[in-house]
Structures are given as structure tokens and as C-alpha cells.
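This report refers to the structure that appears directly beneath it.
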Amino acid sequence: MTYQWQVNKGAGFVNVVDDANFSGSNLNTLTITNSQAAFNNYIFRVVVSGTCGIPVYSNFAVLRVNVPPAVTLNPVDKQYCDAQDRVIFSANGSGMIDSLRWQVFNGAIWSDVHDNVIYSGSSSQQLTLDAVPLALNGYLYRLALKAKCTTVNTAAATLTVNPNPVVNFAAVDPIHAAEVFR
């Protein structure tokens, strides 16, 4: 029996030729090394021939190349007032991304953000914070691009929450109107 591997790169099947990426094109097992992103969705089959009869074609096998995510948009620093403004962080990536998850650094550890009364969009490209409390001042936010083989994080953005001004009239010496007119 003889074997001939074939590949369809989008324009029909052609015989595989041994090179830096393919070996065993005339064996029962084709070896693919250093698969590149461009190989994703290549379709392979093997043609088996013998002395008698017609060649037999195997079922198709589709190559899936897991391309690590790449950051295409980092979130930017934000500055807002205590409990008054809506904060929106945006980030994005490309590649084979299985899921997205915003993360927050509170000064000690990074942890996943989950939707609640303050946060929404924690598993999307846009994280929204409503009525941001002063307690979140200085926290860092990033988007985790999670793939089958790895997780890639965007750069971190800092949230600055400014306190609302407070006027303390008790500390001011009162001026009595009667004293002004004397």
C-alpha cells in the first residue's frame, strides 16, 4: 500500500510535500510541526492506494490552530467624582478568545469582577461602574482575554475617585450683623 496526504488550503486538494512544517506525506501518519496561524482550518485527507482496485480516500480532518489572543485596545485611566458618575472602561483583543473577564487589583491581589450593583459588563469588552464609591479610588482594571491554551491580559488602567467637596461652616467665626454696622 502507498499513502499520499493531501491538503485543501481553500482552493481544492493538492498533494502535501515534505518541508519544514510537514513530514510523512507518503506515510500513514502526517506530522505537522510549528503550525502557524495561517494553517487554521486547513483540511487534510489521505489517499491510500494498493496494487489492485481504486484509491481510497479517508474522511476529512480539519486542523484547528489555537492562536493566542492579542490585545488590540487597552483600557485608559479614568477620573470621576464619588458616587456621582458612571465609569466605562473599554478593551479588546483578537485571536481565538474563548471568554472575556474584567479583573480588578485592590492593592493586594488581582481578582475577577462579577456583575453586581456597581459592576456590569464584567464578561464583555466594556465594563461599566455605576455610582462609583470613594473606596474604589486607586483600583486598577484590566481585561483578561482567555483562550484554550493561555490567558493574555491588557494593560491596567487606574480609577481615580475624587471626594466630593465638603464645606464645614462650623469652623468659620460668625460675623454678627449688628457688629458690622457700628
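Numbering starts fresh at 1 for the residues of each chain in the C-alpha cells, the chains themselves are lettered A, B, ... in the order given, and ligands are numbered from 1 as they appear.
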
**Report entry** Members of stretch 30-181 of chain A assigned strand (DSSP E) by DSSP, as a PyMOL selection string
**Finding:** chain A and resi 31-32+43-49+56-57+61-62+70-73+78-81+87-90+92-94+99-105+110-112+119-120+126-129+140-146+151-153+157-162

Query raised in the report: Near A:Val76, counting only C-alpha atoms, which residues have an atom at most 7 Å away, once you skip same-chain residues fewer than 2 positions from it, shown as a PyMOL selection string?
Result: chain A and resi 74+78+157

Query - Selection near stretch 80-97 of chain A, 8 Å with only C-alpha atoms, sequence-local residues under 3 positions removed, as a count of residues only - result: 35

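The list of residues with at least one atom within 7 Å of A:Gln4, based on only C-alpha atoms and without residues fewer than 4 positions apart in the same chain, reads Asn15, Ser25, Asn26, Val46, Val47 and Val48 of chain A.
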
Generate a file of the selected residues that holds N, CA, C and O atoms, formatted as an mmCIF file, in the first residue's frame.
```cif
data_model
loop_
_atom_site.group_PDB
_atom_site.id
_atom_site.type_symbol
_atom_site.label_atom_id
_atom_site.label_comp_id
_atom_site.auth_asym_id
_atom_site.auth_seq_id
_atom_site.Cartn_x
_atom_site.Cartn_y
_atom_site.Cartn_z
ATOM 1 N N ASN A 15 -1.437 17.626 -3.292
ATOM 2 C CA ASN A 15 -0.576 16.728 -2.528
ATOM 3 C C ASN A 15 0.294 17.523 -1.552
ATOM 4 O O ASN A 15 0.817 18.593 -1.889
ATOM 5 N N SER A 25 4.558 12.827 4.277
ATOM 6 C CA SER A 25 3.495 12.991 3.276
ATOM 7 C C SER A 25 3.191 11.703 2.522
ATOM 8 O O SER A 25 2.132 11.588 1.913
ATOM 9 N N ASN A 26 4.119 10.721 2.564
ATOM 10 C CA ASN A 26 3.904 9.427 1.908
ATOM 11 C C ASN A 26 3.839 8.285 2.922
ATOM 12 O O ASN A 26 4.064 7.134 2.569
ATOM 13 N N VAL A 46 -6.047 11.551 3.398
ATOM 14 C CA VAL A 46 -5.011 10.682 2.871
ATOM 15 C C VAL A 46 -5.621 9.806 1.778
ATOM 16 O O VAL A 46 -6.772 9.369 1.893
ATOM 17 N N VAL A 47 -4.858 9.604 0.730
ATOM 18 C CA VAL A 47 -5.267 8.717 -0.364
ATOM 19 C C VAL A 47 -4.444 7.439 -0.208
ATOM 20 O O VAL A 47 -3.210 7.473 -0.207
ATOM 21 N N VAL A 48 -5.155 6.315 -0.056
ATOM 22 C CA VAL A 48 -4.493 5.021 0.122
ATOM 23 C C VAL A 48 -4.690 4.230 -1.170
ATOM 24 O O VAL A 48 -5.817 4.046 -1.624
#
```
